[in-house]
file my_file.txt (compact mmCIF, N, CA and C atoms)
# COMPACT_ATOMS: atom_id res chain seq x y z
N MET A 720 0.82 -1.20 0.00
CA MET A 720 0.00 0.00 0.00
C MET A 720 0.86 1.26 0.00
N ALA A 721 1.95 1.24 0.77
CA ALA A 721 2.81 2.43 0.85
C ALA A 721 3.37 2.81 -0.52
N GLY A 722 3.78 1.80 -1.29
CA GLY A 722 4.30 2.08 -2.62
C GLY A 722 3.26 2.72 -3.52
N ALA A 723 2.03 2.24 -3.43
CA ALA A 723 0.95 2.79 -4.26
C ALA A 723 0.65 4.24 -3.87
N VAL A 724 0.62 4.52 -2.58
CA VAL A 724 0.36 5.90 -2.13
C VAL A 724 1.50 6.81 -2.56
N SER A 725 2.71 6.34 -2.39
CA SER A 725 3.87 7.13 -2.78
C SER A 725 3.86 7.44 -4.28
N MET A 726 3.58 6.42 -5.09
CA MET A 726 3.55 6.63 -6.54
C MET A 726 2.39 7.54 -6.96
N ALA A 727 1.25 7.42 -6.28
CA ALA A 727 0.10 8.27 -6.61
C ALA A 727 0.39 9.74 -6.33
N SER A 728 1.32 9.99 -5.41
CA SER A 728 1.62 11.38 -5.07
C SER A 728 2.74 11.97 -5.93
N ASP A 729 3.36 11.15 -6.79
CA ASP A 729 4.40 11.66 -7.69
C ASP A 729 3.84 12.75 -8.59
N PHE A 730 4.56 13.84 -8.69
CA PHE A 730 4.23 14.96 -9.57
C PHE A 730 2.81 15.50 -9.34
N GLY A 731 2.28 15.31 -8.14
CA GLY A 731 0.97 15.85 -7.80
C GLY A 731 -0.20 15.13 -8.44
N ALA A 732 0.02 13.93 -8.99
CA ALA A 732 -1.04 13.21 -9.69
C ALA A 732 -2.28 13.03 -8.83
N LEU A 733 -2.08 12.71 -7.58
CA LEU A 733 -3.20 12.52 -6.65
C LEU A 733 -4.05 13.79 -6.54
N TRP A 734 -3.38 14.92 -6.47
CA TRP A 734 -4.09 16.19 -6.27
C TRP A 734 -4.73 16.69 -7.56
N VAL A 735 -4.16 16.34 -8.69
CA VAL A 735 -4.81 16.62 -9.98
C VAL A 735 -6.12 15.84 -10.05
N ALA A 736 -6.08 14.58 -9.60
CA ALA A 736 -7.29 13.76 -9.59
C ALA A 736 -8.35 14.34 -8.65
N VAL A 737 -7.93 14.86 -7.51
CA VAL A 737 -8.87 15.48 -6.57
C VAL A 737 -9.53 16.69 -7.22
N SER A 738 -8.73 17.51 -7.88
CA SER A 738 -9.28 18.70 -8.55
C SER A 738 -10.24 18.32 -9.67
N ALA A 739 -9.88 17.31 -10.44
CA ALA A 739 -10.77 16.84 -11.52
C ALA A 739 -12.08 16.31 -10.94
N ALA A 740 -11.99 15.59 -9.84
CA ALA A 740 -13.20 15.06 -9.19
C ALA A 740 -14.10 16.19 -8.71
N GLN A 741 -13.51 17.27 -8.20
CA GLN A 741 -14.31 18.42 -7.76
C GLN A 741 -15.08 19.01 -8.93
N VAL A 742 -14.43 19.13 -10.07
CA VAL A 742 -15.09 19.68 -11.26
C VAL A 742 -16.18 18.74 -11.75
N LEU A 743 -15.85 17.46 -11.86
CA LEU A 743 -16.83 16.48 -12.36
C LEU A 743 -18.04 16.36 -11.44
N ALA A 744 -17.84 16.56 -10.15
CA ALA A 744 -18.95 16.47 -9.19
C ALA A 744 -19.73 17.78 -9.10
N GLY A 745 -19.29 18.79 -9.83
CA GLY A 745 -19.99 20.07 -9.82
C GLY A 745 -19.71 20.90 -8.57
N ARG A 746 -18.66 20.58 -7.86
CA ARG A 746 -18.31 21.32 -6.63
C ARG A 746 -17.37 22.48 -6.89
N SER A 747 -16.87 22.57 -8.12
CA SER A 747 -15.95 23.64 -8.47
C SER A 747 -16.00 23.85 -9.97
N SER A 748 -15.78 25.08 -10.38
CA SER A 748 -15.63 25.33 -11.81
C SER A 748 -14.23 24.89 -12.21
N ALA A 749 -14.05 24.62 -13.48
CA ALA A 749 -12.73 24.20 -13.96
C ALA A 749 -11.70 25.29 -13.71
N GLY A 750 -12.08 26.54 -13.93
CA GLY A 750 -11.16 27.66 -13.72
C GLY A 750 -10.71 27.78 -12.27
N ALA A 751 -11.67 27.68 -11.36
CA ALA A 751 -11.33 27.79 -9.94
C ALA A 751 -10.45 26.62 -9.50
N ALA A 752 -10.77 25.42 -9.98
CA ALA A 752 -9.97 24.24 -9.63
C ALA A 752 -8.55 24.38 -10.16
N LEU A 753 -8.42 24.87 -11.39
CA LEU A 753 -7.08 25.07 -11.96
C LEU A 753 -6.29 26.12 -11.21
N ARG A 754 -6.96 27.20 -10.78
CA ARG A 754 -6.26 28.24 -10.01
C ARG A 754 -5.76 27.68 -8.68
N ARG A 755 -6.61 26.92 -7.98
CA ARG A 755 -6.18 26.34 -6.70
C ARG A 755 -5.06 25.32 -6.91
N LEU A 756 -5.19 24.50 -7.94
CA LEU A 756 -4.17 23.49 -8.24
C LEU A 756 -2.85 24.17 -8.61
N GLY A 757 -2.93 25.20 -9.42
CA GLY A 757 -1.71 25.95 -9.79
C GLY A 757 -1.05 26.62 -8.61
N ALA A 758 -1.86 27.24 -7.75
CA ALA A 758 -1.31 27.90 -6.55
C ALA A 758 -0.65 26.87 -5.65
N SER A 759 -1.29 25.74 -5.49
CA SER A 759 -0.74 24.68 -4.65
C SER A 759 0.56 24.14 -5.25
N GLY A 760 0.55 23.88 -6.53
CA GLY A 760 1.74 23.33 -7.19
C GLY A 760 2.92 24.27 -7.17
N ILE A 761 2.67 25.52 -7.50
CA ILE A 761 3.76 26.51 -7.53
C ILE A 761 4.31 26.74 -6.12
N THR A 762 3.42 26.87 -5.15
CA THR A 762 3.86 27.08 -3.77
C THR A 762 4.70 25.93 -3.28
N SER A 763 4.23 24.71 -3.47
CA SER A 763 4.99 23.56 -2.98
C SER A 763 6.30 23.38 -3.74
N LEU A 764 6.31 23.64 -5.04
CA LEU A 764 7.54 23.52 -5.83
C LEU A 764 8.60 24.52 -5.35
N VAL A 765 8.19 25.77 -5.19
CA VAL A 765 9.14 26.80 -4.77
C VAL A 765 9.67 26.51 -3.37
N LEU A 766 8.77 26.18 -2.45
CA LEU A 766 9.22 25.88 -1.08
C LEU A 766 10.14 24.67 -1.04
N THR A 767 9.77 23.62 -1.76
CA THR A 767 10.59 22.41 -1.77
C THR A 767 11.97 22.69 -2.32
N ARG A 768 12.04 23.36 -3.46
CA ARG A 768 13.35 23.66 -4.07
C ARG A 768 14.22 24.51 -3.15
N LEU A 769 13.62 25.57 -2.59
CA LEU A 769 14.40 26.45 -1.71
C LEU A 769 14.90 25.71 -0.47
N LEU A 770 14.03 24.96 0.17
CA LEU A 770 14.42 24.29 1.41
C LEU A 770 15.40 23.15 1.17
N LYS A 771 15.18 22.36 0.13
CA LYS A 771 16.12 21.27 -0.16
C LYS A 771 17.50 21.84 -0.50
N HIS A 772 17.54 22.94 -1.27
CA HIS A 772 18.82 23.57 -1.61
C HIS A 772 19.48 24.13 -0.36
N HIS A 773 18.69 24.76 0.50
CA HIS A 773 19.24 25.38 1.71
C HIS A 773 19.82 24.34 2.66
N PHE A 774 19.08 23.27 2.91
CA PHE A 774 19.53 22.28 3.89
C PHE A 774 20.46 21.23 3.28
N GLY A 775 20.18 20.76 2.09
CA GLY A 775 21.05 19.81 1.41
C GLY A 775 21.32 18.51 2.17
N VAL A 776 20.37 18.07 2.97
CA VAL A 776 20.55 16.83 3.74
C VAL A 776 20.36 15.63 2.82
N PRO A 777 21.34 14.73 2.76
CA PRO A 777 21.19 13.58 1.87
C PRO A 777 20.06 12.65 2.30
N ARG A 778 19.57 11.90 1.34
CA ARG A 778 18.54 10.90 1.64
C ARG A 778 19.14 9.82 2.50
N ARG A 779 18.26 9.11 3.19
CA ARG A 779 18.74 8.02 4.02
C ARG A 779 19.36 6.94 3.15
N ASP A 780 20.42 6.36 3.64
CA ASP A 780 21.08 5.29 2.89
C ASP A 780 21.16 4.01 3.71
N ASP A 781 20.49 4.02 4.86
CA ASP A 781 20.53 2.85 5.73
C ASP A 781 19.46 1.82 5.39
N VAL A 782 18.53 2.18 4.50
CA VAL A 782 17.45 1.28 4.13
C VAL A 782 17.30 1.30 2.62
N ALA A 783 17.26 0.13 2.03
CA ALA A 783 17.02 0.06 0.58
C ALA A 783 15.54 0.31 0.33
N PRO A 784 15.20 1.11 -0.68
CA PRO A 784 13.79 1.32 -1.00
C PRO A 784 13.06 -0.01 -1.16
N THR A 785 11.84 -0.06 -0.65
CA THR A 785 11.11 -1.33 -0.57
C THR A 785 9.97 -1.45 -1.58
N SER A 786 9.92 -0.59 -2.55
CA SER A 786 8.83 -0.68 -3.53
C SER A 786 9.33 -0.19 -4.88
N ARG A 787 8.42 -0.19 -5.84
CA ARG A 787 8.76 0.33 -7.17
C ARG A 787 8.58 1.84 -7.25
N ALA A 788 8.30 2.46 -6.11
CA ALA A 788 8.15 3.91 -6.10
C ALA A 788 9.44 4.56 -6.59
N ARG A 789 9.29 5.57 -7.41
CA ARG A 789 10.43 6.29 -7.99
C ARG A 789 11.28 6.90 -6.87
N THR A 790 12.58 6.69 -6.93
CA THR A 790 13.48 7.29 -5.94
C THR A 790 13.98 8.61 -6.50
N PRO A 791 13.61 9.71 -5.87
CA PRO A 791 14.06 11.01 -6.36
C PRO A 791 15.57 11.17 -6.20
N SER A 792 16.15 12.04 -7.01
CA SER A 792 17.58 12.27 -6.94
C SER A 792 17.93 13.49 -6.08
N SER A 793 16.93 14.21 -5.62
CA SER A 793 17.17 15.40 -4.80
C SER A 793 17.53 15.01 -3.38
N SER A 794 17.94 16.00 -2.60
CA SER A 794 18.24 15.74 -1.19
C SER A 794 16.96 15.35 -0.46
N GLY A 795 17.10 14.87 0.75
CA GLY A 795 15.95 14.29 1.44
C GLY A 795 15.20 15.19 2.40
N PHE A 796 15.76 16.33 2.75
CA PHE A 796 15.13 17.16 3.78
C PHE A 796 14.77 18.51 3.21
N PRO A 797 13.50 18.89 3.35
CA PRO A 797 12.35 18.14 3.85
C PRO A 797 11.77 17.26 2.74
N SER A 798 10.81 16.43 3.10
CA SER A 798 10.14 15.58 2.11
C SER A 798 9.27 16.45 1.20
N GLY A 799 9.63 16.51 -0.07
CA GLY A 799 8.85 17.30 -1.02
C GLY A 799 7.47 16.72 -1.27
N HIS A 800 7.36 15.39 -1.30
CA HIS A 800 6.06 14.76 -1.48
C HIS A 800 5.13 15.15 -0.33
N THR A 801 5.66 15.11 0.89
CA THR A 801 4.84 15.44 2.05
C THR A 801 4.49 16.92 2.07
N LEU A 802 5.46 17.77 1.77
CA LEU A 802 5.20 19.20 1.72
C LEU A 802 4.10 19.50 0.71
N ALA A 803 4.22 18.94 -0.48
CA ALA A 803 3.20 19.17 -1.53
C ALA A 803 1.84 18.63 -1.10
N ALA A 804 1.84 17.49 -0.44
CA ALA A 804 0.57 16.90 0.00
C ALA A 804 -0.13 17.80 1.02
N PHE A 805 0.62 18.34 1.97
CA PHE A 805 -0.01 19.19 2.98
C PHE A 805 -0.43 20.54 2.42
N VAL A 806 0.37 21.11 1.52
CA VAL A 806 -0.05 22.35 0.87
C VAL A 806 -1.34 22.10 0.10
N SER A 807 -1.39 21.02 -0.66
CA SER A 807 -2.58 20.69 -1.44
C SER A 807 -3.78 20.41 -0.55
N ALA A 808 -3.55 19.74 0.56
CA ALA A 808 -4.64 19.41 1.49
C ALA A 808 -5.26 20.66 2.11
N ILE A 809 -4.48 21.71 2.19
CA ILE A 809 -5.00 22.97 2.75
C ILE A 809 -5.65 23.82 1.66
N VAL A 810 -5.06 23.83 0.48
CA VAL A 810 -5.51 24.73 -0.59
C VAL A 810 -6.68 24.18 -1.41
N LEU A 811 -6.66 22.90 -1.74
CA LEU A 811 -7.63 22.36 -2.70
C LEU A 811 -9.05 22.15 -2.18
N PRO A 812 -9.24 21.58 -1.00
CA PRO A 812 -10.62 21.29 -0.57
C PRO A 812 -11.46 22.55 -0.41
N ARG A 813 -12.75 22.39 -0.71
CA ARG A 813 -13.68 23.53 -0.63
C ARG A 813 -14.48 23.53 0.66
N THR A 814 -14.45 22.42 1.41
CA THR A 814 -15.24 22.33 2.64
C THR A 814 -14.34 21.87 3.79
N ARG A 815 -14.82 22.07 4.99
CA ARG A 815 -14.07 21.63 6.18
C ARG A 815 -13.90 20.11 6.16
N ARG A 816 -14.97 19.41 5.83
CA ARG A 816 -14.93 17.94 5.76
C ARG A 816 -13.90 17.50 4.73
N GLY A 817 -13.90 18.14 3.57
CA GLY A 817 -12.94 17.81 2.53
C GLY A 817 -11.51 18.06 2.97
N ARG A 818 -11.31 19.14 3.72
CA ARG A 818 -9.97 19.46 4.22
C ARG A 818 -9.49 18.39 5.21
N VAL A 819 -10.38 17.93 6.08
CA VAL A 819 -10.03 16.88 7.05
C VAL A 819 -9.62 15.61 6.31
N ILE A 820 -10.41 15.23 5.32
CA ILE A 820 -10.10 14.03 4.53
C ILE A 820 -8.76 14.21 3.81
N ALA A 821 -8.56 15.38 3.23
CA ALA A 821 -7.31 15.64 2.51
C ALA A 821 -6.10 15.62 3.46
N LEU A 822 -6.27 16.11 4.67
CA LEU A 822 -5.16 16.07 5.63
C LEU A 822 -4.83 14.64 6.05
N VAL A 823 -5.84 13.79 6.13
CA VAL A 823 -5.59 12.37 6.41
C VAL A 823 -4.81 11.76 5.25
N VAL A 824 -5.22 12.07 4.03
CA VAL A 824 -4.51 11.56 2.85
C VAL A 824 -3.08 12.09 2.82
N ALA A 825 -2.89 13.36 3.14
CA ALA A 825 -1.53 13.94 3.19
C ALA A 825 -0.68 13.21 4.23
N SER A 826 -1.28 12.86 5.35
CA SER A 826 -0.55 12.10 6.37
C SER A 826 -0.15 10.73 5.85
N LEU A 827 -1.02 10.11 5.07
CA LEU A 827 -0.69 8.82 4.46
C LEU A 827 0.47 8.95 3.48
N VAL A 828 0.51 10.05 2.76
CA VAL A 828 1.62 10.29 1.84
C VAL A 828 2.92 10.36 2.64
N GLY A 829 2.92 11.11 3.74
CA GLY A 829 4.11 11.19 4.58
C GLY A 829 4.54 9.83 5.11
N TRP A 830 3.57 9.07 5.61
CA TRP A 830 3.86 7.73 6.11
C TRP A 830 4.47 6.87 5.00
N SER A 831 3.90 6.98 3.80
CA SER A 831 4.37 6.15 2.70
C SER A 831 5.82 6.44 2.35
N ARG A 832 6.23 7.69 2.46
CA ARG A 832 7.60 8.06 2.10
C ARG A 832 8.61 7.45 3.06
N VAL A 833 8.25 7.32 4.33
CA VAL A 833 9.12 6.65 5.30
C VAL A 833 9.07 5.14 5.06
N GLU A 834 7.87 4.64 4.85
CA GLU A 834 7.66 3.20 4.69
C GLU A 834 8.40 2.63 3.48
N VAL A 835 8.46 3.37 2.37
CA VAL A 835 9.16 2.86 1.19
C VAL A 835 10.66 3.08 1.28
N GLY A 836 11.12 3.75 2.33
CA GLY A 836 12.55 3.92 2.55
C GLY A 836 13.18 5.14 1.92
N HIS A 837 12.37 6.11 1.48
CA HIS A 837 12.92 7.29 0.83
C HIS A 837 13.20 8.44 1.80
N HIS A 838 12.64 8.38 3.00
CA HIS A 838 12.81 9.47 3.95
C HIS A 838 12.90 8.97 5.37
N ARG A 839 13.50 9.81 6.19
CA ARG A 839 13.48 9.62 7.64
C ARG A 839 12.22 10.30 8.16
N PRO A 840 11.75 9.89 9.33
CA PRO A 840 10.58 10.56 9.91
C PRO A 840 10.76 12.08 10.04
N ALA A 841 11.94 12.53 10.37
CA ALA A 841 12.18 13.99 10.50
C ALA A 841 11.97 14.72 9.17
N ASP A 842 12.34 14.09 8.06
CA ASP A 842 12.13 14.69 6.74
C ASP A 842 10.64 14.93 6.49
N VAL A 843 9.85 13.92 6.85
CA VAL A 843 8.41 13.96 6.63
C VAL A 843 7.76 14.98 7.57
N LEU A 844 8.16 14.98 8.82
CA LEU A 844 7.60 15.96 9.77
C LEU A 844 7.92 17.38 9.34
N ALA A 845 9.12 17.60 8.85
CA ALA A 845 9.47 18.95 8.37
C ALA A 845 8.62 19.33 7.15
N GLY A 846 8.42 18.39 6.24
CA GLY A 846 7.59 18.67 5.07
C GLY A 846 6.16 19.01 5.46
N ALA A 847 5.64 18.30 6.45
CA ALA A 847 4.28 18.58 6.92
C ALA A 847 4.18 19.91 7.64
N ALA A 848 5.21 20.27 8.35
CA ALA A 848 5.18 21.49 9.18
C ALA A 848 5.30 22.76 8.37
N VAL A 849 5.91 22.68 7.20
CA VAL A 849 6.12 23.88 6.39
C VAL A 849 4.77 24.45 6.02

call {"tool": "encode", "arguments": {"input": "my_file.txt", "output": "structure tokens"}}
result
Amino acid sequence: MAGAVSMASDFGALWVAVSAAQVLAGRSSAGAALRRLGASGITSLVLTRLLKHHFGVPRRDDVAPTSRARTPSSSGFPSGHTLAAFVSAIVLPRTRRGRVIALVVASLVGWSRVEVGHHRPADVLAGAAV
């Protein structure tokens, strides 16, 4: 399961699907969904790049990755997947209930990154905290 969650979060695919579902369900216009998705993507990309460059902490090498999830070549701190998941979980949902569900999903993304061996817990906690 961890590998599937990790792969679903690659390149924001999971959050693109959430935005598409909002449009298809009539809960958002396509324009509004694209604006939220773009804001989320740009924000998480900029923060991830700046923080990974600033800290430059290497990925863990004590555990071999345990799934077919893509192993990124960037540094490990903070977890970019987790950072993007939490930014998206705050920005994309239109209701309080949706935000709670999205935050649970974002937490699963963080867990998956540790479980597949790509991050230390501290990397994931930092990504979530940003």

call {"tool": "closest_residue", "arguments": {"input": "my_file.txt", "among": "A:His837, A:Leu753, A:Leu802, A:Val737", "to": "Arg778 of chain A", "atoms": "all atoms listed in the file"}}
result
A:His837

call {"tool": "atom_distance", "arguments": {"input": "my_file.txt", "atom1": "atom N of Lys771 of chain A", "atom2": "atom CA of Asp729 of chain A"}}
result
17.1 Å

call {"tool": "atom_distance", "arguments": {"input": "my_file.txt", "atom1": "atom C of Gly836 of chain A", "atom2": "atom C of Leu770 of chain A"}}
result
18.2 Å

call {"tool": "closest_residue", "arguments": {"input": "my_file.txt", "among": "A:Ser763, A:Leu756, A:Ala721, A:Thr801", "to": "Val735 of chain A", "atoms": "only C-alpha atoms"}}
result
A:Leu756

call {"tool": "residues_near_point", "arguments": {"input": "my_file.txt", "point": "(11.8, 17.2, 1.3)", "cutoff": "9 Å", "atoms": "only C-alpha atoms", "output": "VMD selection string"}}
result
chain A and resid 767 to 768 770 to 771 793 to 802 838 842 to 843 845 to 846
